[in-house]
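Student: You'll find target35.pdb just under this line, and it carries PDB, C-alpha atoms.
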```
ATOM      1  CA  GLN N   1    -165.189 129.397 130.632
ATOM      2  CA  LYS N   2    -164.245 130.652 127.194
ATOM      3  CA  GLU N   3    -161.514 133.239 127.372
ATOM      4  CA  VAL N   4    -159.712 135.711 125.188
ATOM      5  CA  GLU N   5    -156.352 136.911 126.430
ATOM      6  CA  GLN N   6    -154.469 140.027 125.457
ATOM      7  CA  ASN N   7    -151.433 141.737 126.899
ATOM      8  CA  SER N   8    -152.792 144.889 128.527
ATOM      9  CA  GLY N   9    -149.726 146.906 127.581
ATOM     10  CA  PRO N  10    -149.116 149.687 127.192
ATOM     11  CA  LEU N  11    -147.317 148.886 123.985
ATOM     12  CA  SER N  12    -145.230 151.826 122.905
ATOM     13  CA  VAL N  13    -143.845 152.129 119.382
ATOM     14  CA  PRO N  14    -142.246 155.033 117.508
ATOM     15  CA  GLU N  15    -144.063 156.691 114.660
ATOM     16  CA  GLY N  16    -143.536 154.808 111.403
ATOM     17  CA  ALA N  17    -142.805 151.475 113.077
ATOM     18  CA  ILE N  18    -144.849 148.292 112.927
ATOM     19  CA  ALA N  19    -147.089 147.668 115.912
ATOM     20  CA  SER N  20    -147.839 144.026 116.640
ATOM     21  CA  LEU N  21    -150.818 143.149 118.801
ATOM     22  CA  ASN N  22    -151.473 139.603 119.896
ATOM     23  CA  CYS N  23    -154.440 137.667 121.187
ATOM     24  CA  THR N  24    -155.027 134.067 122.228
ATOM     25  CA  TYR N  25    -158.337 132.323 122.704
ATOM     26  CA  SER N  26    -159.394 129.209 124.540
ATOM     27  CA  ASP N  27    -162.263 127.819 122.446
ATOM     28  CA  ARG N  28    -160.891 125.743 119.622
ATOM     29  CA  GLY N  29    -164.324 125.807 117.979
ATOM     30  CA  SER N  30    -164.304 129.566 117.429
ATOM     31  CA  GLN N  31    -164.836 130.529 113.809
ATOM     32  CA  SER N  32    -164.899 134.311 113.659
ATOM     33  CA  PHE N  33    -162.306 136.757 114.922
ATOM     34  CA  PHE N  34    -162.481 140.512 115.173
ATOM     35  CA  TRP N  35    -160.292 143.473 115.992
ATOM     36  CA  TYR N  36    -161.837 146.647 117.350
ATOM     37  CA  ARG N  37    -160.182 149.956 118.139
ATOM     38  CA  GLN N  38    -161.415 152.050 121.038
ATOM     39  CA  TYR N  39    -160.284 155.596 121.621
ATOM     40  CA  SER N  40    -160.529 156.917 125.150
ATOM     41  CA  GLY N  41    -164.092 157.916 125.957
ATOM     42  CA  LYS N  42    -165.454 156.490 122.708
ATOM     43  CA  SER N  43    -167.140 153.248 121.727
ATOM     44  CA  PRO N  44    -165.305 150.425 119.902
ATOM     45  CA  GLU N  45    -164.906 150.677 116.147
ATOM     46  CA  LEU N  46    -164.520 147.590 113.968
ATOM     47  CA  ILE N  47    -161.172 147.442 112.173
ATOM     48  CA  MET N  48    -161.115 143.968 110.694
ATOM     49  CA  PHE N  49    -162.575 140.529 110.861
ATOM     50  CA  ILE N  50    -160.972 137.273 109.794
ATOM     51  CA  TYR N  51    -162.368 133.797 109.437
ATOM     52  CA  SER N  52    -159.669 131.758 107.685
ATOM     53  CA  ASN N  53    -156.144 130.808 108.630
ATOM     54  CA  GLY N  54    -153.495 133.089 107.226
ATOM     55  CA  ASP N  55    -153.240 136.797 106.630
ATOM     56  CA  LYS N  56    -155.847 139.365 105.694
ATOM     57  CA  GLU N  57    -154.696 142.831 104.696
ATOM     58  CA  ASP N  58    -156.647 146.084 104.662
ATOM     59  CA  GLY N  59    -154.583 149.188 104.107
ATOM     60  CA  ARG N  60    -152.021 149.521 106.902
ATOM     61  CA  PHE N  61    -153.680 146.733 108.901
ATOM     62  CA  THR N  62    -153.001 143.016 108.609
ATOM     63  CA  ALA N  63    -154.838 140.426 110.655
ATOM     64  CA  GLN N  64    -153.210 137.028 111.073
ATOM     65  CA  LEU N  65    -155.015 133.917 112.229
ATOM     66  CA  ASN N  66    -153.547 130.621 113.320
ATOM     67  CA  LYS N  67    -156.295 128.295 114.472
ATOM     68  CA  ALA N  68    -153.931 125.451 115.326
ATOM     69  CA  SER N  69    -152.122 127.672 117.817
ATOM     70  CA  GLN N  70    -155.307 129.525 118.765
ATOM     71  CA  TYR N  71    -153.935 132.972 118.252
ATOM     72  CA  VAL N  72    -154.853 135.977 116.209
ATOM     73  CA  SER N  73    -152.740 139.051 115.731
ATOM     74  CA  LEU N  74    -153.031 142.524 114.268
ATOM     75  CA  LEU N  75    -150.141 144.292 112.595
ATOM     76  CA  ILE N  76    -150.254 148.026 112.023
ATOM     77  CA  ARG N  77    -147.694 149.235 109.518
ATOM     78  CA  ASP N  78    -146.359 152.781 109.438
ATOM     79  CA  SER N  79    -147.894 153.479 112.843
ATOM     80  CA  GLN N  80    -149.214 156.980 113.373
ATOM     81  CA  PRO N  81    -149.912 158.874 116.610
ATOM     82  CA  SER N  82    -153.587 158.712 115.633
ATOM     83  CA  ASP N  83    -153.381 154.927 116.007
ATOM     84  CA  SER N  84    -152.882 155.389 119.749
ATOM     85  CA  ALA N  85    -155.874 153.630 121.284
ATOM     86  CA  THR N  86    -156.918 150.435 122.995
ATOM     87  CA  TYR N  87    -157.263 147.485 120.638
ATOM     88  CA  LEU N  88    -159.814 144.846 121.497
ATOM     89  CA  CYS N  89    -159.660 141.289 120.223
ATOM     90  CA  ALA N  90    -163.012 139.506 120.030
ATOM     91  CA  VAL N  91    -163.974 135.944 119.228
ATOM     92  CA  ASN N  92    -167.381 134.444 118.566
ATOM     93  CA  GLY N  93    -168.617 131.726 120.870
ATOM     94  CA  GLY N  94    -170.649 133.282 123.640
ATOM     95  CA  SER N  95    -173.667 131.366 124.859
ATOM     96  CA  GLN N  96    -176.017 133.987 123.390
ATOM     97  CA  GLY N  97    -174.166 134.308 120.134
ATOM     98  CA  ASN N  98    -172.265 137.187 121.617
ATOM     99  CA  LEU N  99    -168.628 137.964 121.081
ATOM    100  CA  ILE N 100    -166.121 137.294 123.813
ATOM    101  CA  PHE N 101    -163.801 140.246 124.232
ATOM    102  CA  GLY N 102    -160.298 140.445 125.528
ATOM    103  CA  LYS N 103    -159.491 143.230 127.969
ATOM    104  CA  GLY N 104    -157.636 145.118 125.281
ATOM    105  CA  THR N 105    -154.095 146.244 124.591
ATOM    106  CA  LYS N 106    -153.302 149.908 124.928
ATOM    107  CA  LEU N 107    -151.103 151.128 122.083
ATOM    108  CA  SER N 108    -149.148 154.350 122.234
ATOM    109  CA  VAL N 109    -147.443 155.639 119.101
ATOM    110  CA  LYS N 110    -144.825 158.243 119.922
ATOM    111  CA  PRO N 111    -144.097 161.031 117.399
TER
ATOM    112  CA  GLY O   1    -171.364 150.350 105.669
ATOM    113  CA  ALA O   2    -173.073 149.422 108.893
ATOM    114  CA  VAL O   3    -174.161 152.322 111.072
ATOM    115  CA  VAL O   4    -175.570 152.088 114.559
ATOM    116  CA  SER O   5    -176.890 155.127 116.357
ATOM    117  CA  GLN O   6    -177.622 155.715 120.017
ATOM    118  CA  HIS O   7    -179.702 158.384 121.655
ATOM    119  CA  PRO O   8    -179.097 160.287 123.809
ATOM    120  CA  SER O   9    -175.329 160.579 123.726
ATOM    121  CA  ARG O  10    -175.206 162.030 127.181
ATOM    122  CA  VAL O  11    -177.745 162.258 129.998
ATOM    123  CA  ILE O  12    -177.642 163.652 133.491
ATOM    124  CA  CYS O  13    -180.494 162.757 135.810
ATOM    125  CA  LYS O  14    -181.453 162.805 139.437
ATOM    126  CA  SER O  15    -181.326 159.726 141.604
ATOM    127  CA  GLY O  16    -184.548 157.745 141.442
ATOM    128  CA  THR O  17    -185.535 158.705 137.918
ATOM    129  CA  SER O  18    -185.665 156.386 134.915
ATOM    130  CA  VAL O  19    -183.661 156.852 131.759
ATOM    131  CA  LYS O  20    -184.356 155.341 128.346
ATOM    132  CA  ILE O  21    -181.579 154.785 125.823
ATOM    133  CA  GLU O  22    -182.340 153.962 122.187
ATOM    134  CA  CYS O  23    -180.165 151.928 119.866
ATOM    135  CA  ARG O  24    -180.898 151.865 116.140
ATOM    136  CA  SER O  25    -179.307 150.045 113.241
ATOM    137  CA  LEU O  26    -179.628 152.550 110.411
ATOM    138  CA  ASP O  27    -178.749 150.594 107.291
ATOM    139  CA  PHE O  28    -179.249 146.958 108.186
ATOM    140  CA  GLN O  29    -181.636 144.811 110.123
ATOM    141  CA  ALA O  30    -180.490 143.335 113.393
ATOM    142  CA  THR O  31    -182.269 140.389 114.941
ATOM    143  CA  THR O  32    -179.808 140.545 117.776
ATOM    144  CA  MET O  33    -178.486 143.544 119.628
ATOM    145  CA  PHE O  34    -176.281 143.654 122.684
ATOM    146  CA  TRP O  35    -176.012 146.065 125.585
ATOM    147  CA  TYR O  36    -172.702 146.728 127.309
ATOM    148  CA  ARG O  37    -171.567 148.870 130.190
ATOM    149  CA  GLN O  38    -168.079 150.267 130.630
ATOM    150  CA  PHE O  39    -166.737 151.968 133.740
ATOM    151  CA  PRO O  40    -163.723 154.286 133.437
ATOM    152  CA  LYS O  41    -160.497 152.481 132.560
ATOM    153  CA  GLN O  42    -162.237 149.122 132.646
ATOM    154  CA  SER O  43    -163.129 146.689 129.913
ATOM    155  CA  LEU O  44    -166.501 146.231 128.238
ATOM    156  CA  MET O  45    -169.007 144.277 130.252
ATOM    157  CA  LEU O  46    -171.858 142.553 128.464
ATOM    158  CA  MET O  47    -175.119 143.242 130.252
ATOM    159  CA  ALA O  48    -177.684 141.524 128.076
ATOM    160  CA  THR O  49    -178.539 140.136 124.677
ATOM    161  CA  SER O  50    -181.613 141.600 123.046
ATOM    162  CA  ASN O  51    -183.515 139.485 120.526
ATOM    163  CA  GLU O  52    -186.218 140.944 118.336
ATOM    164  CA  GLY O  53    -189.626 139.755 119.389
ATOM    165  CA  SER O  54    -188.522 137.878 122.476
ATOM    166  CA  LYS O  55    -187.285 138.511 125.979
ATOM    167  CA  ALA O  56    -183.768 139.663 126.541
ATOM    168  CA  THR O  57    -181.183 137.363 128.060
ATOM    169  CA  TYR O  58    -179.298 138.922 130.941
ATOM    170  CA  GLU O  59    -175.786 138.157 132.093
ATOM    171  CA  GLN O  60    -175.234 136.928 135.590
ATOM    172  CA  GLY O  61    -175.423 139.713 138.137
ATOM    173  CA  VAL O  62    -177.425 142.093 135.934
ATOM    174  CA  GLU O  63    -180.850 142.871 137.358
ATOM    175  CA  LYS O  64    -183.490 142.419 134.694
ATOM    176  CA  ASP O  65    -186.045 144.469 136.617
ATOM    177  CA  LYS O  66    -183.659 147.397 136.820
ATOM    178  CA  PHE O  67    -182.388 147.308 133.249
ATOM    179  CA  LEU O  68    -185.432 146.857 131.051
ATOM    180  CA  ILE O  69    -184.741 145.906 127.467
ATOM    181  CA  ASN O  70    -187.196 146.021 124.605
ATOM    182  CA  HIS O  71    -186.392 144.974 121.049
ATOM    183  CA  ALA O  72    -189.625 145.789 119.262
ATOM    184  CA  SER O  73    -188.338 145.892 115.707
ATOM    185  CA  LEU O  74    -185.407 144.720 113.622
ATOM    186  CA  THR O  75    -183.799 148.142 113.836
ATOM    187  CA  LEU O  76    -184.530 149.324 117.373
ATOM    188  CA  SER O  77    -183.672 148.180 120.861
ATOM    189  CA  THR O  78    -184.162 150.232 124.004
ATOM    190  CA  LEU O  79    -182.572 150.023 127.424
ATOM    191  CA  THR O  80    -184.363 151.644 130.334
ATOM    192  CA  VAL O  81    -182.448 152.156 133.541
ATOM    193  CA  THR O  82    -185.162 152.276 136.176
ATOM    194  CA  SER O  83    -184.797 154.148 139.457
ATOM    195  CA  ALA O  84    -181.262 155.114 138.585
ATOM    196  CA  HIS O  85    -178.720 155.631 141.351
ATOM    197  CA  PRO O  86    -175.248 157.176 141.299
ATOM    198  CA  GLU O  87    -173.631 153.734 141.043
ATOM    199  CA  ASP O  88    -175.422 153.287 137.707
ATOM    200  CA  SER O  89    -173.388 156.134 136.265
ATOM    201  CA  SER O  90    -171.432 154.615 133.417
ATOM    202  CA  PHE O  91    -170.900 154.495 129.672
ATOM    203  CA  TYR O  92    -173.623 152.367 128.085
ATOM    204  CA  ILE O  93    -172.908 151.026 124.620
ATOM    205  CA  CYS O  94    -175.101 148.981 122.321
ATOM    206  CA  SER O  95    -174.082 146.877 119.379
ATOM    207  CA  ALA O  96    -176.079 145.376 116.560
ATOM    208  CA  GLU O  97    -175.201 142.150 114.831
ATOM    209  CA  ARG O  98    -175.175 142.088 111.068
ATOM    210  CA  GLU O  99    -176.190 138.553 110.260
ATOM    211  CA  ASP O 100    -174.564 138.162 106.872
ATOM    212  CA  THR O 101    -171.115 138.581 108.426
ATOM    213  CA  ASP O 102    -171.850 137.722 112.089
ATOM    214  CA  THR O 103    -170.243 141.043 112.832
ATOM    215  CA  GLN O 104    -171.153 143.408 115.619
ATOM    216  CA  TYR O 105    -171.185 147.145 115.029
ATOM    217  CA  PHE O 106    -171.210 149.445 118.012
ATOM    218  CA  GLY O 107    -173.238 152.541 118.626
ATOM    219  CA  PRO O 108    -171.415 155.672 119.825
ATOM    220  CA  GLY O 109    -172.446 155.097 123.434
ATOM    221  CA  THR O 110    -174.476 156.955 126.034
ATOM    222  CA  ARG O 111    -172.771 158.515 129.002
ATOM    223  CA  LEU O 112    -175.120 158.404 131.996
ATOM    224  CA  THR O 113    -174.492 160.491 135.068
ATOM    225  CA  VAL O 114    -176.824 160.053 138.020
ATOM    226  CA  LEU O 115    -176.647 162.793 140.610
TER
END
```
As structure tokens, please, write out the structure in this file.
Tutor:
Amino acid sequence: QKEVEQNSGPLSVPEGAIASLNCTYSDRGSQSFFWYRQYSGKSPELIMFIYSNGDKEDGRFTAQLNKASQYVSLLIRDSQPSDSATYLCAVNGGSQGNLIFGKGTKLSVKP
Amino acid sequence: GAVVSQHPSRVICKSGTSVKIECRSLDFQATTMFWYRQFPKQSLMLMATSNEGSKATYEQGVEKDKFLINHASLTLSTLTVTSAHPEDSSFYICSAEREDTDTQYFGPGTRLTVL
């Protein structure tokens, strides 16, 4: 059973701080990794995807992938209250070509 | 960009009726679309994988005769909840896979309430 694990949180950080979200996955053959943000009552929104080891930066967001250790992380710099949401880690590798999602980490950014 | 729409956004129906939900990829073609269900404060649950021109593949425990999926074109998949009951009340979300990046983009979701 392929799994994606995330700490459910809540993770609470002060405004302006760096929020660090972590995810581990079980399938060593996974090639594609995604971070989605889901606000309460809304559908998930793609933030970033990463395929190669190392860091990928997009604005305040940095995704980090370490295939040897089978973890992927998301850093949010200068966190804002509007970043408060549940962050979903997803990995390719489902039997139907579907993504396998973690249960999400709830982030709360306090003003 | 990659935009996925869903219609309707919200539906309230009586027990025993059928409800059709449409999912469209607006600016890309999607051979594969996925249907999810999410109950309050719970995680996404994949219901089925919809492939254009072929039968959908359902996850274990999802009744294919109750949740009818049709993927008639590369931009449209529909989910019909047949003979809906109050326990079917949930947030139904589709996603469409953009093949050039193997990336899934989600629709805004449909909130179904069965009275």
Student: Need to verify the contact set: stretch 52-68 of chain N, 9 Å, all atoms listed in the file, exclusion of same-chain residues closer than 3 positions in sequence. Can you return it as a VMD selection string?
Tutor: chain N and resid 28 30 to 35 47 to 49 71 to 79
Student: Give as number ranges by chain the residues that the PyMOL selection byres ((chain N) within 10 of (chain O)) matches when applied to the coordinates above.
Tutor: N: 32-34, 36, 40-46, 48-49, 88, 92, 96-104
Student: Take the selection from the previous step and output its residues with C-alpha atoms, as a PDB file, in the coordinates of the input.
Tutor:
```
ATOM      1  CA  SER N  32    -164.899 134.311 113.659  1.00  0.00           C
ATOM      2  CA  PHE N  33    -162.306 136.757 114.922  1.00  0.00           C
ATOM      3  CA  PHE N  34    -162.481 140.512 115.173  1.00  0.00           C
ATOM      4  CA  TYR N  36    -161.837 146.647 117.350  1.00  0.00           C
ATOM      5  CA  SER N  40    -160.529 156.917 125.150  1.00  0.00           C
ATOM      6  CA  GLY N  41    -164.092 157.916 125.957  1.00  0.00           C
ATOM      7  CA  LYS N  42    -165.454 156.490 122.708  1.00  0.00           C
ATOM      8  CA  SER N  43    -167.140 153.248 121.727  1.00  0.00           C
ATOM      9  CA  PRO N  44    -165.305 150.425 119.902  1.00  0.00           C
ATOM     10  CA  GLU N  45    -164.906 150.677 116.147  1.00  0.00           C
ATOM     11  CA  LEU N  46    -164.520 147.590 113.968  1.00  0.00           C
ATOM     12  CA  MET N  48    -161.115 143.968 110.694  1.00  0.00           C
ATOM     13  CA  PHE N  49    -162.575 140.529 110.861  1.00  0.00           C
ATOM     14  CA  LEU N  88    -159.814 144.846 121.497  1.00  0.00           C
ATOM     15  CA  ASN N  92    -167.381 134.444 118.566  1.00  0.00           C
ATOM     16  CA  GLN N  96    -176.017 133.987 123.390  1.00  0.00           C
ATOM     17  CA  GLY N  97    -174.166 134.308 120.134  1.00  0.00           C
ATOM     18  CA  ASN N  98    -172.265 137.187 121.617  1.00  0.00           C
ATOM     19  CA  LEU N  99    -168.628 137.964 121.081  1.00  0.00           C
ATOM     20  CA  ILE N 100    -166.121 137.294 123.813  1.00  0.00           C
ATOM     21  CA  PHE N 101    -163.801 140.246 124.232  1.00  0.00           C
ATOM     22  CA  GLY N 102    -160.298 140.445 125.528  1.00  0.00           C
ATOM     23  CA  LYS N 103    -159.491 143.230 127.969  1.00  0.00           C
ATOM     24  CA  GLY N 104    -157.636 145.118 125.281  1.00  0.00           C
TER      25      GLY N 104
END
```
Student: Compare N:Ala17, N:Leu107, N:Leu11, N:Ile50 by their minimum atom-to-atom distance to N:Tyr87, counting all atoms listed in the file, and give me the closest one.
Tutor: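 Comparing N:Ala17, N:Leu107, N:Leu11, N:Ile50 against N:Tyr87, the winner is N:Leu107.
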Student: Identify all residues satisfying the PyMOL selection byres ((chain O and resi 67) around 9) in the given file; provide them as a list in words.
Tutor: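 On the file shown, the PyMOL selection byres ((chain O and resi 67) around 9) covers Met47, Val62, Glu63, Lys64, Asp65, Lys66, Leu68, Ile69, Leu79, Thr80, Val81 and Thr82 of chain O.
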Student: Check the smallest atom-to-atom distance from each of O:Val11, O:Trp35, O:Asp27, O:Gly53 to O:Ala84 using all atoms listed in the file, then report the winner.
Tutor: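 Checking each of O:Val11, O:Trp35, O:Asp27, O:Gly53 against O:Ala84, counting all atoms listed in the file, the winner is O:Val11.
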Student: Go ahead and compute the interatomic distance for atom CA of O:Gln6 and atom CA of O:Ser90, in Å to one decimal.
Tutor: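 Distance reported for this atom pair: 14.8 Å.
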Student: What does the structure give for the distance between atom CA of N:Ser84 and atom CA of N:Pro111, in Å to one decimal?
Tutor: 10.7 Å
Student: Suppose you want the space between atom CA of O:Thr78 and atom CA of O:Gln29; what is it in Å?
Tutor: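 Atom CA of O:Thr78 sits 15.1 Å away from atom CA of O:Gln29.
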Student: Given the file above and the PyMOL selection byres ((chain N and resi 2) around 10), which residues are selected, and can you give them as a list in words?
Tutor: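 Evaluating the PyMOL selection byres ((chain N and resi 2) around 10) on this file yields Gln1, Glu3, Val4, Tyr25, Ser26, Asp27, Arg28, Ser30, Val91, Asn92, Gly93, Gly94, Ser95 and Ile100 of chain N.
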Student: Counting all atoms listed in the file, figure out which residue out of O:Leu112, O:Gln60, O:His71, O:His85 gets nearest to O:Pro8.
Tutor: O:Leu112
Student: List the spatial neighbours of N:Lys106 as a ChimeraX atom specification - criterion: any atom at most 6 Å away, all atoms listed in the file, same-chain residues fewer than 4 positions off excluded.
Tutor: /N:9-10,85-86
Student: Could you turn the residues from that selection into a file that holds C-alpha atoms, as a compact mmCIF listing (two decimals), keeping the file's coordinate frame?
Tutor:
```txt
# COMPACT_ATOMS: atom_id res chain seq x y z
CA GLY N 9 -149.73 146.91 127.58
CA PRO N 10 -149.12 149.69 127.19
CA ALA N 85 -155.87 153.63 121.28
CA THR N 86 -156.92 150.44 123.00
```
Student: Box for stretch 8-27 of chain O - axis-aligned, 3 Å on each of the six sides, all listed atoms - centre and size in Å to one decimal, as JSON.
Tutor:
```
{"center_x": -180.4, "center_y": 156.8, "center_z": 124.4, "size_x": 16.5, "size_y": 19.6, "size_z": 40.3}
```
